[in-house]
file query.csv (CSV, N, CA and C atoms)
chain,number,residue,atom,x,y,z
I,1,GLN,N,0.8,-1.2,0.0
I,1,GLN,CA,0.0,0.0,0.0
I,1,GLN,C,0.9,1.2,0.0
I,2,MET,N,0.4,2.3,-0.6
I,2,MET,CA,1.1,3.5,-0.7
I,2,MET,C,0.2,4.7,-0.6
I,3,HIS,N,0.6,5.7,0.1
I,3,HIS,CA,-0.2,6.9,0.2
I,3,HIS,C,0.6,8.1,-0.3
I,4,LEU,N,0.0,8.9,-1.2
I,4,LEU,CA,0.7,10.0,-1.9
I,4,LEU,C,0.0,11.3,-1.6
I,5,VAL,N,0.8,12.3,-1.3
I,5,VAL,CA,0.3,13.6,-1.0
I,5,VAL,C,1.1,14.7,-1.8
I,6,GLU,N,0.3,15.3,-2.6
I,6,GLU,CA,0.9,16.4,-3.4
I,6,GLU,C,0.9,17.7,-2.7
I,7,SER,N,1.8,18.6,-3.1
I,7,SER,CA,1.8,20.0,-2.6
I,7,SER,C,2.5,20.9,-3.6
I,8,GLY,N,2.4,22.2,-3.3
I,8,GLY,CA,3.2,23.1,-4.2
I,8,GLY,C,2.4,23.8,-5.2
I,9,GLY,N,1.1,23.5,-5.4
I,9,GLY,CA,0.3,24.2,-6.4
I,9,GLY,C,0.0,25.6,-6.0
I,10,GLY,N,-0.6,26.3,-6.9
I,10,GLY,CA,-1.0,27.7,-6.5
I,10,GLY,C,-1.3,28.5,-7.8
I,11,LEU,N,-1.4,29.8,-7.6
I,11,LEU,CA,-1.7,30.7,-8.7
I,11,LEU,C,-0.4,31.4,-9.1
I,12,VAL,N,-0.1,31.4,-10.4
I,12,VAL,CA,1.1,32.0,-10.9
I,12,VAL,C,0.8,32.7,-12.2
I,13,GLN,N,1.5,33.7,-12.6
I,13,GLN,CA,1.3,34.4,-13.8
I,13,GLN,C,2.0,33.7,-15.0
I,14,THR,N,1.6,33.9,-16.2
I,14,THR,CA,2.2,33.3,-17.4
I,14,THR,C,3.7,33.6,-17.4
I,15,GLY,N,4.5,32.6,-17.6
I,15,GLY,CA,5.9,32.7,-17.6
I,15,GLY,C,6.6,32.4,-16.3
I,16,GLY,N,5.7,32.2,-15.3
I,16,GLY,CA,6.3,31.9,-13.9
I,16,GLY,C,6.6,30.5,-13.7
I,17,SER,N,7.0,30.1,-12.5
I,17,SER,CA,7.5,28.8,-12.2
I,17,SER,C,6.8,28.3,-10.9
I,18,LEU,N,6.6,27.0,-10.8
I,18,LEU,CA,6.2,26.3,-9.6
I,18,LEU,C,6.9,25.0,-9.5
I,19,LYS,N,7.1,24.5,-8.3
I,19,LYS,CA,7.7,23.2,-8.1
I,19,LYS,C,6.7,22.4,-7.3
I,20,LEU,N,6.2,21.4,-7.9
I,20,LEU,CA,5.3,20.5,-7.2
I,20,LEU,C,6.1,19.4,-6.5
I,21,SER,N,5.6,19.0,-5.3
I,21,SER,CA,6.2,17.9,-4.6
I,21,SER,C,5.1,16.8,-4.3
I,22,CYS,N,5.6,15.6,-4.2
I,22,CYS,CA,4.7,14.4,-3.9
I,22,CYS,C,5.4,13.6,-2.9
I,23,ALA,N,4.9,13.5,-1.7
I,23,ALA,CA,5.4,12.8,-0.6
I,23,ALA,C,4.7,11.4,-0.5
I,24,ALA,N,5.5,10.4,-0.4
I,24,ALA,CA,5.0,9.0,-0.4
I,24,ALA,C,5.3,8.3,0.9
I,25,SER,N,4.3,7.5,1.3
I,25,SER,CA,4.5,6.6,2.4
I,25,SER,C,4.6,5.2,1.9
I,26,GLY,N,5.2,4.3,2.6
I,26,GLY,CA,5.4,2.9,2.1
I,26,GLY,C,6.8,2.6,1.9
I,27,SER,N,7.2,1.4,2.3
I,27,SER,CA,8.6,1.1,2.3
I,27,SER,C,9.2,0.7,1.0
I,28,THR,N,8.3,0.6,0.0
I,28,THR,CA,8.8,0.1,-1.3
I,28,THR,C,8.7,1.2,-2.4
I,29,PHE,N,8.8,2.5,-2.0
I,29,PHE,CA,8.7,3.6,-2.9
I,29,PHE,C,9.7,3.4,-4.1
I,30,SER,N,10.9,3.0,-3.8
I,30,SER,CA,11.9,3.0,-4.8
I,30,SER,C,11.6,1.9,-5.9
I,31,THR,N,10.7,1.1,-5.7
I,31,THR,CA,10.4,0.0,-6.7
I,31,THR,C,9.2,0.4,-7.6
I,32,TYR,N,8.8,1.7,-7.5
I,32,TYR,CA,7.6,2.2,-8.3
I,32,TYR,C,8.1,3.2,-9.3
I,33,GLU,N,7.6,3.0,-10.5
I,33,GLU,CA,7.6,4.1,-11.5
I,33,GLU,C,6.7,5.2,-11.1
I,34,MET,N,7.2,6.4,-11.3
I,34,MET,CA,6.4,7.6,-10.9
I,34,MET,C,6.0,8.5,-12.1
I,35,ARG,N,4.8,9.0,-12.0
I,35,ARG,CA,4.3,9.9,-13.0
I,35,ARG,C,3.6,11.0,-12.4
I,36,TRP,N,3.6,12.1,-13.1
I,36,TRP,CA,2.7,13.3,-12.9
I,36,TRP,C,1.6,13.3,-14.0
I,37,TYR,N,0.4,13.4,-13.6
I,37,TYR,CA,-0.7,13.6,-14.5
I,37,TYR,C,-1.4,14.9,-14.2
I,38,ARG,N,-2.1,15.4,-15.2
I,38,ARG,CA,-2.9,16.6,-15.0
I,38,ARG,C,-4.3,16.4,-15.6
I,39,GLN,N,-5.2,17.2,-15.0
I,39,GLN,CA,-6.6,17.2,-15.5
I,39,GLN,C,-7.1,18.6,-15.5
I,40,ALA,N,-7.4,19.1,-16.7
I,40,ALA,CA,-8.0,20.4,-16.8
I,40,ALA,C,-9.5,20.3,-16.7
I,41,PRO,N,-10.2,21.4,-16.4
I,41,PRO,CA,-11.6,21.4,-16.2
I,41,PRO,C,-12.3,20.9,-17.5
I,42,GLY,N,-13.2,19.9,-17.3
I,42,GLY,CA,-13.9,19.4,-18.4
I,42,GLY,C,-13.1,18.4,-19.3
I,43,LYS,N,-11.9,18.1,-19.0
I,43,LYS,CA,-11.1,17.3,-19.8
I,43,LYS,C,-10.6,16.0,-19.1
I,44,GLY,N,-10.1,15.1,-19.8
I,44,GLY,CA,-9.6,13.9,-19.2
I,44,GLY,C,-8.2,14.1,-18.5
I,45,ARG,N,-7.8,13.0,-17.8
I,45,ARG,CA,-6.5,13.1,-17.1
I,45,ARG,C,-5.5,12.4,-18.0
I,46,PHE,N,-4.3,13.1,-18.1
I,46,PHE,CA,-3.3,12.5,-18.9
I,46,PHE,C,-1.9,12.8,-18.3
I,47,SER,N,-1.0,11.9,-18.7
I,47,SER,CA,0.3,11.9,-18.1
I,47,SER,C,1.2,13.0,-18.7
I,48,VAL,N,1.8,13.8,-17.9
I,48,VAL,CA,2.7,14.9,-18.4
I,48,VAL,C,4.2,14.5,-18.2
I,49,ALA,N,4.5,13.7,-17.2
I,49,ALA,CA,5.9,13.4,-17.0
I,49,ALA,C,6.0,12.0,-16.3
I,50,PHE,N,7.1,11.3,-16.7
I,50,PHE,CA,7.3,9.9,-16.2
I,50,PHE,C,8.8,9.8,-15.8
I,51,ILE,N,9.0,9.1,-14.7
I,51,ILE,CA,10.4,8.8,-14.3
I,51,ILE,C,10.5,7.4,-13.9
I,52,SER,N,11.5,6.7,-14.4
I,52,SER,CA,11.7,5.3,-14.2
I,52,SER,C,12.2,5.0,-12.7
I,53,ILE,N,12.1,3.7,-12.4
I,53,ILE,CA,12.7,3.2,-11.2
I,53,ILE,C,14.2,3.5,-11.3
I,54,GLY,N,14.7,4.1,-10.2
I,54,GLY,CA,16.1,4.6,-10.3
I,54,GLY,C,16.4,5.9,-10.8
I,55,GLY,N,15.4,6.4,-11.6
I,55,GLY,CA,15.5,7.8,-12.1
I,55,GLY,C,16.3,8.0,-13.4
I,56,ASP,N,16.8,6.9,-14.0
I,56,ASP,CA,17.6,7.0,-15.1
I,56,ASP,C,16.9,7.4,-16.4
I,57,TYR,N,15.6,7.2,-16.5
I,57,TYR,CA,14.9,7.5,-17.7
I,57,TYR,C,13.7,8.4,-17.4
I,58,THR,N,13.5,9.5,-18.1
I,58,THR,CA,12.4,10.3,-18.0
I,58,THR,C,11.7,10.5,-19.3
I,59,TYR,N,10.4,10.8,-19.3
I,59,TYR,CA,9.6,11.1,-20.5
I,59,TYR,C,8.6,12.2,-20.2
I,60,TYR,N,8.4,13.0,-21.2
I,60,TYR,CA,7.5,14.1,-21.1
I,60,TYR,C,6.5,14.2,-22.2
I,61,ALA,N,5.3,14.7,-21.9
I,61,ALA,CA,4.4,15.0,-23.0
I,61,ALA,C,4.9,16.1,-23.8
I,62,ASP,N,4.6,16.1,-25.1
I,62,ASP,CA,5.1,17.2,-26.0
I,62,ASP,C,4.8,18.6,-25.5
I,63,SER,N,3.6,18.7,-24.9
I,63,SER,CA,3.1,20.0,-24.5
I,63,SER,C,4.0,20.6,-23.3
I,64,VAL,N,4.8,19.8,-22.6
I,64,VAL,CA,5.6,20.3,-21.5
I,64,VAL,C,7.0,20.1,-21.7
I,65,GLU,N,7.4,19.4,-22.8
I,65,GLU,CA,8.8,19.1,-23.0
I,65,GLU,C,9.7,20.4,-23.1
I,66,GLY,N,10.8,20.4,-22.3
I,66,GLY,CA,11.6,21.5,-22.3
I,66,GLY,C,11.3,22.6,-21.2
I,67,ARG,N,10.1,22.4,-20.6
I,67,ARG,CA,9.6,23.4,-19.6
I,67,ARG,C,9.5,22.7,-18.2
I,68,PHE,N,9.1,21.4,-18.2
I,68,PHE,CA,8.9,20.7,-17.0
I,68,PHE,C,10.1,19.7,-16.8
I,69,THR,N,10.4,19.5,-15.5
I,69,THR,CA,11.4,18.5,-15.2
I,69,THR,C,10.9,17.6,-14.0
I,70,ILE,N,10.9,16.3,-14.2
I,70,ILE,CA,10.5,15.4,-13.1
I,70,ILE,C,11.8,14.9,-12.5
I,71,SER,N,11.8,14.7,-11.2
I,71,SER,CA,12.9,14.1,-10.4
I,71,SER,C,12.4,13.3,-9.3
I,72,ARG,N,13.2,12.5,-8.7
I,72,ARG,CA,12.8,11.7,-7.5
I,72,ARG,C,14.0,11.6,-6.6
I,73,ASP,N,13.6,11.5,-5.3
I,73,ASP,CA,14.6,11.3,-4.2
I,73,ASP,C,14.1,10.1,-3.4
I,74,ASP,N,14.6,8.9,-3.7
I,74,ASP,CA,14.1,7.7,-3.1
I,74,ASP,C,14.4,7.7,-1.6
I,75,ALA,N,15.5,8.3,-1.2
I,75,ALA,CA,15.8,8.3,0.3
I,75,ALA,C,14.7,9.1,1.0
I,76,LYS,N,14.2,10.1,0.4
I,76,LYS,CA,13.2,10.9,1.1
I,76,LYS,C,11.8,10.5,0.7
I,77,LYS,N,11.7,9.5,-0.2
I,77,LYS,CA,10.4,9.1,-0.8
I,77,LYS,C,9.6,10.3,-1.3
I,78,MET,N,10.2,11.0,-2.2
I,78,MET,CA,9.7,12.2,-2.8
I,78,MET,C,9.8,12.1,-4.3
I,79,VAL,N,8.8,12.7,-5.0
I,79,VAL,CA,9.0,13.0,-6.4
I,79,VAL,C,8.6,14.4,-6.7
I,80,TYR,N,9.2,15.1,-7.6
I,80,TYR,CA,9.0,16.5,-7.8
I,80,TYR,C,8.7,16.8,-9.3
I,81,LEU,N,8.1,17.9,-9.5
I,81,LEU,CA,7.8,18.4,-10.9
I,81,LEU,C,8.2,19.9,-10.9
I,82,GLN,N,9.3,20.2,-11.5
I,82,GLN,CA,9.6,21.6,-11.6
I,82,GLN,C,9.0,22.1,-12.9
I,83,MET,N,8.2,23.1,-12.8
I,83,MET,CA,7.5,23.7,-14.0
I,83,MET,C,7.9,25.1,-14.2
I,84,ASN,N,8.5,25.3,-15.4
I,84,ASN,CA,9.0,26.6,-15.8
I,84,ASN,C,8.2,27.2,-17.0
I,85,ASP,N,8.3,28.5,-17.2
I,85,ASP,CA,7.6,29.1,-18.3
I,85,ASP,C,6.1,28.6,-18.4
I,86,LEU,N,5.4,28.7,-17.4
I,86,LEU,CA,4.1,28.2,-17.3
I,86,LEU,C,3.2,29.1,-18.2
I,87,LYS,N,2.2,28.4,-18.8
I,87,LYS,CA,1.2,29.0,-19.7
I,87,LYS,C,-0.2,28.7,-19.2
I,88,PRO,N,-1.2,29.5,-19.6
I,88,PRO,CA,-2.5,29.3,-19.2
I,88,PRO,C,-3.0,27.9,-19.4
I,89,ASP,N,-2.6,27.3,-20.5
I,89,ASP,CA,-3.0,25.9,-20.8
I,89,ASP,C,-2.5,24.9,-19.8
I,90,ASP,N,-1.5,25.3,-19.0
I,90,ASP,CA,-1.0,24.4,-18.0
I,90,ASP,C,-2.0,24.3,-16.7
I,91,THR,N,-3.0,25.2,-16.7
I,91,THR,CA,-3.9,25.2,-15.6
I,91,THR,C,-4.7,23.9,-15.5
I,92,ALA,N,-4.6,23.3,-14.4
I,92,ALA,CA,-5.1,21.9,-14.2
I,92,ALA,C,-4.9,21.5,-12.7
I,93,ILE,N,-5.6,20.4,-12.4
I,93,ILE,CA,-5.2,19.7,-11.1
I,93,ILE,C,-4.1,18.7,-11.5
I,94,TYR,N,-3.0,18.7,-10.7
I,94,TYR,CA,-1.9,17.8,-11.0
I,94,TYR,C,-1.9,16.7,-9.9
I,95,PHE,N,-1.8,15.5,-10.5
I,95,PHE,CA,-1.8,14.3,-9.6
I,95,PHE,C,-0.5,13.5,-9.7
I,96,CYS,N,-0.1,13.0,-8.6
I,96,CYS,CA,1.1,12.1,-8.5
I,96,CYS,C,0.6,10.7,-8.6
I,97,ASN,N,1.3,9.9,-9.3
I,97,ASN,CA,0.9,8.5,-9.5
I,97,ASN,C,2.1,7.6,-9.3
I,98,ALA,N,1.9,6.5,-8.6
I,98,ALA,CA,2.9,5.4,-8.4
I,98,ALA,C,2.4,4.2,-9.1
I,99,GLY,N,3.2,3.6,-9.9
I,99,GLY,CA,2.7,2.4,-10.6
I,99,GLY,C,3.8,1.3,-10.6
I,100,ARG,N,3.2,0.0,-10.5
I,100,ARG,CA,4.1,-1.1,-10.5
I,100,ARG,C,3.3,-2.4,-10.8
I,101,GLN,N,3.6,-3.0,-11.9
I,101,GLN,CA,3.0,-4.3,-12.3
I,101,GLN,C,1.5,-4.2,-12.2
I,102,GLY,N,0.9,-3.2,-12.8
I,102,GLY,CA,-0.5,-3.0,-12.9
I,102,GLY,C,-1.2,-2.4,-11.7
I,103,THR,N,-0.5,-2.2,-10.7
I,103,THR,CA,-1.0,-1.6,-9.5
I,103,THR,C,-0.7,-0.1,-9.5
I,104,ASN,N,-1.7,0.7,-9.3
I,104,ASN,CA,-1.5,2.2,-9.3
I,104,ASN,C,-2.1,2.8,-8.0
I,105,PHE,N,-1.3,3.8,-7.5
I,105,PHE,CA,-1.8,4.6,-6.4
I,105,PHE,C,-1.8,6.1,-6.8
I,106,TRP,N,-2.8,6.8,-6.3
I,106,TRP,CA,-2.9,8.2,-6.7
I,106,TRP,C,-3.0,9.1,-5.5
I,107,GLY,N,-2.5,10.3,-5.6
I,107,GLY,CA,-2.7,11.3,-4.6
I,107,GLY,C,-4.0,12.1,-4.9
I,108,GLN,N,-4.2,13.0,-4.0
I,108,GLN,CA,-5.5,13.8,-4.1
I,108,GLN,C,-5.5,14.9,-5.1
I,109,GLY,N,-4.3,15.3,-5.5
I,109,GLY,CA,-4.1,16.3,-6.5
I,109,GLY,C,-3.8,17.7,-5.9
I,110,THR,N,-3.2,18.5,-6.7
I,110,THR,CA,-2.9,19.9,-6.3
I,110,THR,C,-3.2,20.8,-7.4
I,111,GLN,N,-3.9,21.9,-7.2
I,111,GLN,CA,-4.4,22.8,-8.2
I,111,GLN,C,-3.3,23.8,-8.6
I,112,VAL,N,-3.1,23.9,-9.9
I,112,VAL,CA,-2.2,24.9,-10.5
I,112,VAL,C,-3.0,25.8,-11.4
I,113,THR,N,-2.9,27.0,-11.2
I,113,THR,CA,-3.7,28.0,-12.0
I,113,THR,C,-2.7,29.0,-12.6
I,114,VAL,N,-2.7,29.2,-13.9
I,114,VAL,CA,-1.8,30.1,-14.6
I,114,VAL,C,-2.6,31.2,-15.2
I,115,SER,N,-2.4,32.4,-14.7
I,115,SER,CA,-3.2,33.6,-15.2
I,115,SER,C,-2.5,34.2,-16.4
I,116,SER,N,-3.3,34.7,-17.3
I,116,SER,CA,-2.7,35.4,-18.5
I,116,SER,C,-2.5,36.8,-18.3

call {"tool": "encode", "arguments": {"input": "query.csv", "output": "structure tokens"}}
result
Amino acid sequence: QMHLVESGGGLVQTGGSLKLSCAASGSTFSTYEMRWYRQAPGKGRFSVAFISIGGDYTYYADSVEGRFTISRDDAKKMVYLQMNDLKPDDTAIYFCNAGRQGTNFWGQGTQVTVSS
């Protein structure tokens, strides 16, 4: 079992930056692939960033490539999403996800709002 808690969301102007954090409980955090998803109002939830077990491989959605950076600290059981050059289209609830062998855990989400 794993419990995930996101933080760091807020209101920011276009071009600004935010760093999201996801704190995990559970002794096997290091064995999970981690993802950040987002869901805009009236739209589906989709993955924006992925980091592999060990952190050697990352993947980003085209819409955030070059602006967002995902990282993980297994000793602290944390995963982060550094978001730079934010745009109004980045406005969404951001969710942390831990996945392993078909099992997925989700946080409650944190709201990011980018004003134009």

call {"tool": "atom_distance", "arguments": {"input": "query.csv", "atom1": "atom N of I:Val112", "atom2": "atom N of I:Ser25"}}
result
21.2 Å

call {"tool": "residues_around", "arguments": {"input": "query.csv", "residues": "I:Tyr60", "least_positions_apart": "2", "cutoff": "7 Å", "atoms": "only N, CA and C atoms", "output": "ChimeraX atom specification"}}
result
/I:47-50,58,62-65

call {"tool": "select_by_dssp", "arguments": {"input": "query.csv", "residues": "chain I", "states": "strand (DSSP E or B)", "output": "MDAnalysis selection string"}}
result
chainID I and resid 3:7 10:13 18:25 33:39 45:51 58:60 68:73 78:83 92:100 103:106 110:115

call {"tool": "residues_near_point", "arguments": {"input": "query.csv", "point": "(0.1, 38.2, -13.3)", "cutoff": "6 Å", "atoms": "all atoms listed in the file", "output": "PyMOL selection string"}}
result
chain I and resi 12-14+115-116

call {"tool": "closest_residue", "arguments": {"input": "query.csv", "among": "I:Gly44, I:Lys77, I:Gly54, I:Ser7", "to": "I:Gly26", "atoms": "only N, CA and C atoms"}}
result
I:Lys77

call {"tool": "closest_atom_pairs", "arguments": {"input": "query.csv", "of": "stretch 30-95 of chain I", "to": "stretch 17-22 of chain I", "cutoff": "6 Å", "atoms": "all atoms listed in the file", "output": "tab-separated table"}}
result
residue	atom	partner	partner_atom	distance
I:Lys77	C	I:Cys22	C	5.6
I:Met78	CA	I:Cys22	C	4.5
I:Val79	C	I:Cys22	N	4.1
I:Tyr80	CA	I:Leu20	C	4.3
I:Leu81	C	I:Leu20	N	3.9
I:Gln82	CA	I:Lys19	CA	4.3
I:Met83	N	I:Leu18	C	4.0
I:Asn84	CA	I:Ser17	CA	4.5
I:Asp85	N	I:Ser17	CA	5.1
I:Leu86	N	I:Ser17	N	5.3

call {"tool": "residues_around", "arguments": {"input": "query.csv", "residues": "I:Leu4", "least_positions_apart": "5", "cutoff": "5 Å", "atoms": "only N, CA and C atoms", "output": "PyMOL selection string"}}
result
chain I and resi 23-24+107

call {"tool": "residues_around", "arguments": {"input": "query.csv", "residues": "I:Arg100", "least_positions_apart": "2", "cutoff": "6 Å", "atoms": "only N, CA and C atoms", "output": "ChimeraX atom specification"}}
result
/I:32-33,98,102-104

call {"tool": "select_by_dssp", "arguments": {"input": "query.csv", "residues": "chain I", "states": "helix (DSSP H, G or I)", "output": "PDB file with N, CA and C atoms, keeping the file's coordinate frame"}}
result
ATOM      1  N   PHE I  29       8.800   2.500  -2.000  1.00  0.00           N
ATOM      2  CA  PHE I  29       8.700   3.600  -2.900  1.00  0.00           C
ATOM      3  C   PHE I  29       9.700   3.400  -4.100  1.00  0.00           C
ATOM      4  N   SER I  30      10.900   3.000  -3.800  1.00  0.00           N
ATOM      5  CA  SER I  30      11.900   3.000  -4.800  1.00  0.00           C
ATOM      6  C   SER I  30      11.600   1.900  -5.900  1.00  0.00           C
ATOM      7  N   THR I  31      10.700   1.100  -5.700  1.00  0.00           N
ATOM      8  CA  THR I  31      10.400   0.000  -6.700  1.00  0.00           C
ATOM      9  C   THR I  31       9.200   0.400  -7.600  1.00  0.00           C
ATOM     10  N   ILE I  53      12.100   3.700 -12.400  1.00  0.00           N
ATOM     11  CA  ILE I  53      12.700   3.200 -11.200  1.00  0.00           C
ATOM     12  C   ILE I  53      14.200   3.500 -11.300  1.00  0.00           C
ATOM     13  N   GLY I  54      14.700   4.100 -10.200  1.00  0.00           N
ATOM     14  CA  GLY I  54      16.100   4.600 -10.300  1.00  0.00           C
ATOM     15  C   GLY I  54      16.400   5.900 -10.800  1.00  0.00           C
ATOM     16  N   GLY I  55      15.400   6.400 -11.600  1.00  0.00           N
ATOM     17  CA  GLY I  55      15.500   7.800 -12.100  1.00  0.00           C
ATOM     18  C   GLY I  55      16.300   8.000 -13.400  1.00  0.00           C
ATOM     19  N   PRO I  88      -1.200  29.500 -19.600  1.00  0.00           N
ATOM     20  CA  PRO I  88      -2.500  29.300 -19.200  1.00  0.00           C
ATOM     21  C   PRO I  88      -3.000  27.900 -19.400  1.00  0.00           C
ATOM     22  N   ASP I  89      -2.600  27.300 -20.500  1.00  0.00           N
ATOM     23  CA  ASP I  89      -3.000  25.900 -20.800  1.00  0.00           C
ATOM     24  C   ASP I  89      -2.500  24.900 -19.800  1.00  0.00           C
ATOM     25  N   ASP I  90      -1.500  25.300 -19.000  1.00  0.00           N
ATOM     26  CA  ASP I  90      -1.000  24.400 -18.000  1.00  0.00           C
ATOM     27  C   ASP I  90      -2.000  24.300 -16.700  1.00  0.00           C
TER      28      ASP I  90
END

call {"tool": "closest_residue", "arguments": {"input": "query.csv", "among": "I:Phe29, I:Trp106, I:Arg38, I:Gly66", "to": "I:Asp90", "atoms": "only N, CA and C atoms"}}
result
I:Arg38

call {"tool": "atom_distance", "arguments": {"input": "query.csv", "atom1": "atom CA of I:Thr113", "atom2": "atom CA of I:Gly8"}}
result
11.5 Å
